[in-house]
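Notes to accompany the following structure.
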Amino acid sequence: MQNKKPTLKTVAEHLAVSTATVSNAFNRPNQLSKALRDKILFECERLGYTGPSNAARSLRTGKTSVIGVLLADNLAYNFTDPVASEFLTGISKVLDAAHVNMLLLPSKSENYQNTQVESIPDSFIVYGKPIDTNVITHIVRQHKPVVAVDFCLPNFPSINIDNQHAAYQVAKHAIHRPDDNVIILGLRLEPSTSLCLTSFNHLYSSEESVSRCRFEGYKQAMQERGNLLSVEKVWQIHDLEISSLKTMLRGTLTAPEKVDVLLCMSDKIALAALDVANEIGLTMPDDIRIVGFDGIPIAERVGLTTIEQPIMQKGQLAAQMALGQIAPDSIQLESKLVIRASSERFPNQ
């Protein structure tokens, strides 16, 4: 065996065990006692055997032990976004326990032109509908399990919260009077990349966009409070740098027309608004009321009123569904309105 590269079969013969036992030492450690597994791995290292061939196993079983994760935004953005990071942590915990790997997939169809990366995963998790919907086509035509998160994909299970009701709750809390000047700092609401909307005629549907669901919740609360909703009061915040966002907010919050309420579709946006409000000397909630959405950890530290949603649990459930550990049924999780100092003088928590 010293002059020839060892194989699974020759290693098993040397150890006087079955090939399945050697394979389990690498791929299913819980099937063996610790002593036996340690003995096998020690001998494999001594013999120069690095484990069963993944390529051969894939050809034999049709499985790669890889779950593909498609994020709606570019990869770089999701490494800095606290919500995406928490979601990916939830996925990772389940995949680590199952000894399965994660493959992050690009959100632009041009990245799929010279590669067949979408053919590798056994199943897919799609987190938010990508701008480039052709990417969905690449994935669906693999005829493999797909789990959609934070949007609905026809014929596939989805994991969501009731975004419209949650947004309604936080907006109804923040808006006090019919004459409150309310600004909505939204996420992606329509295909255009403009900051301001020209009309409400081109919005994504509620099925394909959580931003639209939250917008409908805000609109419902404004109507009940007697507030007028106009396009100039709605912003689309895309992949803006925080510094650029703060510059725009600084201009809005120092304009002659006083802003009473900022309805922010993410805590990240709300945190930037809080920073600007503090910089220019506004007092919350007397001068302005600011609310967010997501419930990231820093929101509690800075006293931000927000909607807490189970971000990590979404990731865990999506991974369990993608692995076949739970039934592929659509799930709606609970969220919670958490009132803090950014919108109420003496929060009742």
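Ordering of the structure tokens sets the chain letters (A, B, ...), residue numbers begin anew at 1 in every chain, and ligands are numbered from 1 in the order given.
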* Please identify all polymer residues within 8 Å of Val146 in chain A, counting only C-alpha atoms, omitting same-chain residues fewer than 4 positions from it, and present them as a list in words. =>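 Counting only C-alpha atoms, the residues come to Ser123, Phe124, Ile125, Val126, Val140, Phe156, Pro157 and Ala322 of chain A.
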Output of the above residues as an mmCIF file, in the first residue's frame, restricted to N, CA and C atoms:
```
data_model
loop_
_atom_site.group_PDB
_atom_site.id
_atom_site.type_symbol
_atom_site.label_atom_id
_atom_site.label_comp_id
_atom_site.auth_asym_id
_atom_site.auth_seq_id
_atom_site.Cartn_x
_atom_site.Cartn_y
_atom_site.Cartn_z
ATOM 1 N N SER A 123 -30.571 20.960 -2.951
ATOM 2 C CA SER A 123 -31.784 21.753 -2.790
ATOM 3 C C SER A 123 -31.378 23.208 -2.600
ATOM 4 N N PHE A 124 -32.380 24.106 -2.577
ATOM 5 C CA PHE A 124 -32.088 25.534 -2.576
ATOM 6 C C PHE A 124 -32.928 26.274 -1.530
ATOM 7 N N ILE A 125 -32.315 27.314 -0.955
ATOM 8 C CA ILE A 125 -33.020 28.272 -0.111
ATOM 9 C C ILE A 125 -32.877 29.632 -0.794
ATOM 10 N N VAL A 126 -33.996 30.276 -1.087
ATOM 11 C CA VAL A 126 -33.973 31.586 -1.746
ATOM 12 C C VAL A 126 -34.482 32.617 -0.749
ATOM 13 N N VAL A 140 -35.091 26.867 -10.596
ATOM 14 C CA VAL A 140 -36.309 26.048 -10.699
ATOM 15 C C VAL A 140 -36.156 24.945 -11.740
ATOM 16 N N PHE A 156 -43.885 26.221 -4.482
ATOM 17 C CA PHE A 156 -42.843 25.871 -3.522
ATOM 18 C C PHE A 156 -43.226 26.392 -2.135
ATOM 19 N N PRO A 157 -42.757 25.728 -1.075
ATOM 20 C CA PRO A 157 -43.071 26.202 0.277
ATOM 21 C C PRO A 157 -42.340 27.500 0.585
ATOM 22 N N ALA A 322 -35.070 22.275 3.604
ATOM 23 C CA ALA A 322 -34.219 21.961 2.453
ATOM 24 C C ALA A 322 -33.567 20.595 2.599
#
```
* **Near-Ile288 in chain A list (8 Å; only C-alpha atoms; drop same-chain fewer than 5 positions) as a list of chain:residue names** =>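 These residues fall inside the cut-off: A:Val259, A:Asp260, A:Val261, A:Leu262, A:Leu282, A:Thr283, A:Ser343.
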* For Gly281 in chain A: contacts at 12 Å, only C-alpha atoms, fewer than 5 positions along chain excluded, given as a VMD selection string -> chain A and resid 250 253 to 254 274 to 276 286 to 288
* **6 Å contact set for range 289-306 of chain A, only C-alpha atoms, chain neighbours under 5 positions out, as a PyMOL selection string** => chain A and resi 261-267+270+284+338-343
Please report, as a Markdown table, each residue of range 146-199 of chain A lying at most 6 Å from range 209-216 of chain A, together with the nearest pair of atoms and the separation in Å rounded to one decimal; use only C-alpha atoms, and order rows by chain and ascending residue number.
```
| residue | atom | partner | partner_atom | distance |
| --- | --- | --- | --- | --- |
| A:Phe151 | CA | A:Ser209 | CA | 5.7 |
| A:Asn163 | CA | A:Arg214 | CA | 5.4 |
| A:Gln164 | CA | A:Cys213 | CA | 4.6 |
| A:Ala167 | CA | A:Arg214 | CA | 5.1 |
| A:Leu187 | CA | A:Ser211 | CA | 5.8 |
| A:Leu189 | CA | A:Ser211 | CA | 5.9 |
```
Please save all heavy atoms of the selected residues as a PDB file, in the first residue's frame.
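Everything below was put into selection_1.pdb:
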```
ATOM      1  N   PHE A 151     -40.734  35.822   0.717  1.00  0.00           N
ATOM      2  CA  PHE A 151     -41.555  36.054  -0.478  1.00  0.00           C
ATOM      3  C   PHE A 151     -42.183  34.717  -0.841  1.00  0.00           C
ATOM      4  O   PHE A 151     -41.863  33.690  -0.233  1.00  0.00           O
ATOM      5  CB  PHE A 151     -40.735  36.635  -1.637  1.00  0.00           C
ATOM      6  CG  PHE A 151     -39.909  35.633  -2.403  1.00  0.00           C
ATOM      7  CD1 PHE A 151     -40.231  35.277  -3.702  1.00  0.00           C
ATOM      8  CD2 PHE A 151     -38.779  35.054  -1.828  1.00  0.00           C
ATOM      9  CE1 PHE A 151     -39.464  34.365  -4.415  1.00  0.00           C
ATOM     10  CE2 PHE A 151     -37.996  34.153  -2.533  1.00  0.00           C
ATOM     11  CZ  PHE A 151     -38.340  33.806  -3.833  1.00  0.00           C
ATOM     12  N   ASN A 163     -46.042  40.346   7.439  1.00  0.00           N
ATOM     13  CA  ASN A 163     -45.387  41.647   7.342  1.00  0.00           C
ATOM     14  C   ASN A 163     -46.371  42.804   7.311  1.00  0.00           C
ATOM     15  O   ASN A 163     -46.113  43.865   7.888  1.00  0.00           O
ATOM     16  CB  ASN A 163     -44.500  41.680   6.089  1.00  0.00           C
ATOM     17  CG  ASN A 163     -43.198  40.952   6.281  1.00  0.00           C
ATOM     18  OD1 ASN A 163     -42.230  41.504   6.794  1.00  0.00           O
ATOM     19  ND2 ASN A 163     -43.150  39.690   5.863  1.00  0.00           N
ATOM     20  N   GLN A 164     -47.499  42.620   6.654  1.00  0.00           N
ATOM     21  CA  GLN A 164     -48.464  43.717   6.567  1.00  0.00           C
ATOM     22  C   GLN A 164     -49.031  44.050   7.943  1.00  0.00           C
ATOM     23  O   GLN A 164     -49.089  45.221   8.331  1.00  0.00           O
ATOM     24  CB  GLN A 164     -49.596  43.360   5.603  1.00  0.00           C
ATOM     25  CG  GLN A 164     -50.634  44.479   5.476  1.00  0.00           C
ATOM     26  CD  GLN A 164     -51.615  44.263   4.343  1.00  0.00           C
ATOM     27  OE1 GLN A 164     -51.319  43.562   3.383  1.00  0.00           O
ATOM     28  NE2 GLN A 164     -52.793  44.868   4.453  1.00  0.00           N
ATOM     29  N   ALA A 167     -46.305  45.708  10.156  1.00  0.00           N
ATOM     30  CA  ALA A 167     -46.068  47.110   9.774  1.00  0.00           C
ATOM     31  C   ALA A 167     -47.242  47.990  10.202  1.00  0.00           C
ATOM     32  O   ALA A 167     -47.054  49.133  10.632  1.00  0.00           O
ATOM     33  CB  ALA A 167     -45.851  47.205   8.263  1.00  0.00           C
ATOM     34  N   LEU A 187     -37.762  49.821   1.589  1.00  0.00           N
ATOM     35  CA  LEU A 187     -36.782  49.024   0.866  1.00  0.00           C
ATOM     36  C   LEU A 187     -37.238  48.992  -0.597  1.00  0.00           C
ATOM     37  O   LEU A 187     -37.975  49.845  -1.039  1.00  0.00           O
ATOM     38  CB  LEU A 187     -36.685  47.640   1.490  1.00  0.00           C
ATOM     39  CG  LEU A 187     -36.222  47.632   2.961  1.00  0.00           C
ATOM     40  CD1 LEU A 187     -36.381  46.253   3.583  1.00  0.00           C
ATOM     41  CD2 LEU A 187     -34.781  48.110   3.072  1.00  0.00           C
ATOM     42  N   LEU A 189     -39.327  48.732  -3.546  1.00  0.00           N
ATOM     43  CA  LEU A 189     -40.779  48.684  -3.735  1.00  0.00           C
ATOM     44  C   LEU A 189     -41.195  48.465  -5.182  1.00  0.00           C
ATOM     45  O   LEU A 189     -42.294  47.994  -5.456  1.00  0.00           O
ATOM     46  CB  LEU A 189     -41.421  49.972  -3.220  1.00  0.00           C
ATOM     47  CG  LEU A 189     -41.502  50.109  -1.690  1.00  0.00           C
ATOM     48  CD1 LEU A 189     -41.758  51.551  -1.290  1.00  0.00           C
ATOM     49  CD2 LEU A 189     -42.598  49.204  -1.140  1.00  0.00           C
TER      50      LEU A 189
END
```
* To do: In Å, rounded to a single decimal, give me how far CA of Thr247 in chain A is from CA of Tyr204 in chain A.
  => 27.4 Å
Residues of range 21-199 of chain A in strand (DSSP E or B), written as a compact mmCIF listing (two decimals) with C-alpha atoms, in the first residue's frame:
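Result written to states_24.txt:
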```txt
# COMPACT_ATOMS: atom_id res chain seq x y z
CA VAL A 66 -24.56 20.84 -0.59
CA ILE A 67 -27.44 23.26 -0.02
CA GLY A 68 -27.54 26.29 -2.31
CA VAL A 69 -28.48 29.62 -0.72
CA LEU A 70 -29.51 32.47 -3.00
CA LEU A 71 -29.61 35.93 -1.45
CA ASN A 101 -22.17 22.27 3.16
CA MET A 102 -23.55 25.65 2.08
CA LEU A 103 -22.99 27.19 -1.35
CA LEU A 104 -23.79 30.91 -1.67
CA LEU A 105 -25.19 31.58 -5.12
CA SER A 123 -31.78 21.75 -2.79
CA PHE A 124 -32.09 25.53 -2.58
CA ILE A 125 -33.02 28.27 -0.11
CA VAL A 126 -33.97 31.59 -1.75
CA TYR A 127 -33.93 34.51 0.70
CA VAL A 146 -36.70 24.96 -3.22
CA VAL A 147 -37.65 26.90 -0.08
CA ALA A 148 -38.60 30.58 -0.45
CA VAL A 149 -38.09 32.94 2.49
CA SER A 158 -42.31 29.56 1.88
CA ILE A 159 -41.39 30.91 5.32
CA ASN A 160 -42.68 34.35 6.27
CA ILE A 161 -44.18 36.50 8.97
CA VAL A 182 -45.07 60.90 7.96
CA ILE A 183 -42.13 59.78 5.79
CA ILE A 184 -41.77 56.12 4.73
CA LEU A 185 -38.19 54.96 4.29
CA GLY A 186 -38.83 51.82 2.28
CA CYS A 196 -38.40 58.61 -5.10
```
* **Those in range 16-198 of chain A with helix (DSSP H, G or I) from DSSP, as a ChimeraX atom specification** => /A:19-27,29-31,34-47,54-61,75-80,82-98,109-112,117-119,134-140,163-174
Neighbours of range 88-94 of chain A within 7 Å (only C-alpha atoms; same-chain residues fewer than 3 positions away dropped), as an mmCIF file with all heavy atoms, in the first residue's frame?
```
data_model
loop_
_atom_site.group_PDB
_atom_site.id
_atom_site.type_symbol
_atom_site.label_atom_id
_atom_site.label_comp_id
_atom_site.auth_asym_id
_atom_site.auth_seq_id
_atom_site.Cartn_x
_atom_site.Cartn_y
_atom_site.Cartn_z
ATOM 1 N N ALA A 84 -29.289 39.613 7.233
ATOM 2 C CA ALA A 84 -28.815 38.498 6.414
ATOM 3 C C ALA A 84 -27.822 37.637 7.185
ATOM 4 O O ALA A 84 -27.850 36.403 7.087
ATOM 5 C CB ALA A 84 -28.171 39.031 5.131
ATOM 6 N N SER A 85 -26.953 38.270 7.968
ATOM 7 C CA SER A 85 -25.965 37.515 8.742
ATOM 8 C C SER A 85 -26.632 36.596 9.760
ATOM 9 O O SER A 85 -26.234 35.440 9.936
ATOM 10 C CB SER A 85 -25.013 38.477 9.468
ATOM 11 O OG SER A 85 -24.266 39.228 8.546
ATOM 12 N N ALA A 97 -24.770 20.692 11.962
ATOM 13 C CA ALA A 97 -25.199 19.498 12.697
ATOM 14 C C ALA A 97 -25.426 18.318 11.756
ATOM 15 O O ALA A 97 -25.251 17.160 12.158
ATOM 16 C CB ALA A 97 -26.474 19.800 13.480
ATOM 17 N N ALA A 98 -25.820 18.615 10.517
ATOM 18 C CA ALA A 98 -26.100 17.554 9.550
ATOM 19 C C ALA A 98 -24.890 17.213 8.683
ATOM 20 O O ALA A 98 -24.975 16.342 7.819
ATOM 21 C CB ALA A 98 -27.261 17.974 8.654
ATOM 22 N N MET A 312 -33.280 34.252 12.920
ATOM 23 C CA MET A 312 -32.483 33.029 12.969
ATOM 24 C C MET A 312 -33.367 31.798 12.805
ATOM 25 O O MET A 312 -32.986 30.820 12.145
ATOM 26 C CB MET A 312 -31.696 32.942 14.273
ATOM 27 C CG MET A 312 -30.708 31.779 14.300
ATOM 28 S SD MET A 312 -29.650 31.760 15.765
ATOM 29 C CE MET A 312 -28.742 33.287 15.549
ATOM 30 N N GLN A 313 -34.553 31.838 13.404
ATOM 31 C CA GLN A 313 -35.463 30.701 13.269
ATOM 32 C C GLN A 313 -35.872 30.494 11.818
ATOM 33 O O GLN A 313 -36.040 29.360 11.361
ATOM 34 C CB GLN A 313 -36.708 30.912 14.141
ATOM 35 C CG GLN A 313 -37.633 29.699 14.169
ATOM 36 C CD GLN A 313 -38.910 29.946 14.956
ATOM 37 O OE1 GLN A 313 -39.194 31.071 15.397
ATOM 38 N NE2 GLN A 313 -39.712 28.914 15.137
ATOM 39 N N GLY A 315 -33.978 30.965 9.256
ATOM 40 C CA GLY A 315 -32.869 30.252 8.647
ATOM 41 C C GLY A 315 -32.853 28.789 9.039
ATOM 42 O O GLY A 315 -32.606 27.902 8.202
ATOM 43 N N GLN A 316 -33.109 28.514 10.302
ATOM 44 C CA GLN A 316 -33.107 27.130 10.777
ATOM 45 C C GLN A 316 -34.214 26.311 10.119
ATOM 46 O O GLN A 316 -33.981 25.188 9.664
ATOM 47 C CB GLN A 316 -33.253 27.115 12.299
ATOM 48 C CG GLN A 316 -32.037 27.669 13.032
ATOM 49 C CD GLN A 316 -32.266 27.826 14.525
ATOM 50 O OE1 GLN A 316 -33.353 28.231 14.961
ATOM 51 N NE2 GLN A 316 -31.264 27.514 15.318
ATOM 52 N N ALA A 319 -33.435 25.631 6.448
ATOM 53 C CA ALA A 319 -32.427 24.584 6.292
ATOM 54 C C ALA A 319 -33.022 23.206 6.577
ATOM 55 O O ALA A 319 -32.754 22.237 5.852
ATOM 56 C CB ALA A 319 -31.250 24.854 7.220
ATOM 57 N N GLN A 320 -33.833 23.091 7.616
ATOM 58 C CA GLN A 320 -34.461 21.810 7.936
ATOM 59 C C GLN A 320 -35.375 21.347 6.805
ATOM 60 O O GLN A 320 -35.419 20.157 6.465
ATOM 61 C CB GLN A 320 -35.249 21.935 9.239
ATOM 62 C CG GLN A 320 -34.368 22.093 10.466
ATOM 63 C CD GLN A 320 -35.150 22.481 11.711
ATOM 64 O OE1 GLN A 320 -36.331 22.826 11.635
ATOM 65 N NE2 GLN A 320 -34.500 22.459 12.855
#
```
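Using only C-alpha atoms, the protein and nucleic acid residues lying no more than 12 Å from Gln116 in chain A, apart from those fewer than 6 places from it along its own chain, are Leu105, Pro106, Ser109, Glu110, His138, Ile139 and Gln142 of chain A.
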* Coordinates-based distance that separates CA of Pro52 in chain A from CA of His99 in chain A (Å, one decimal) ->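 Interatomic distance here is 14.7 Å.
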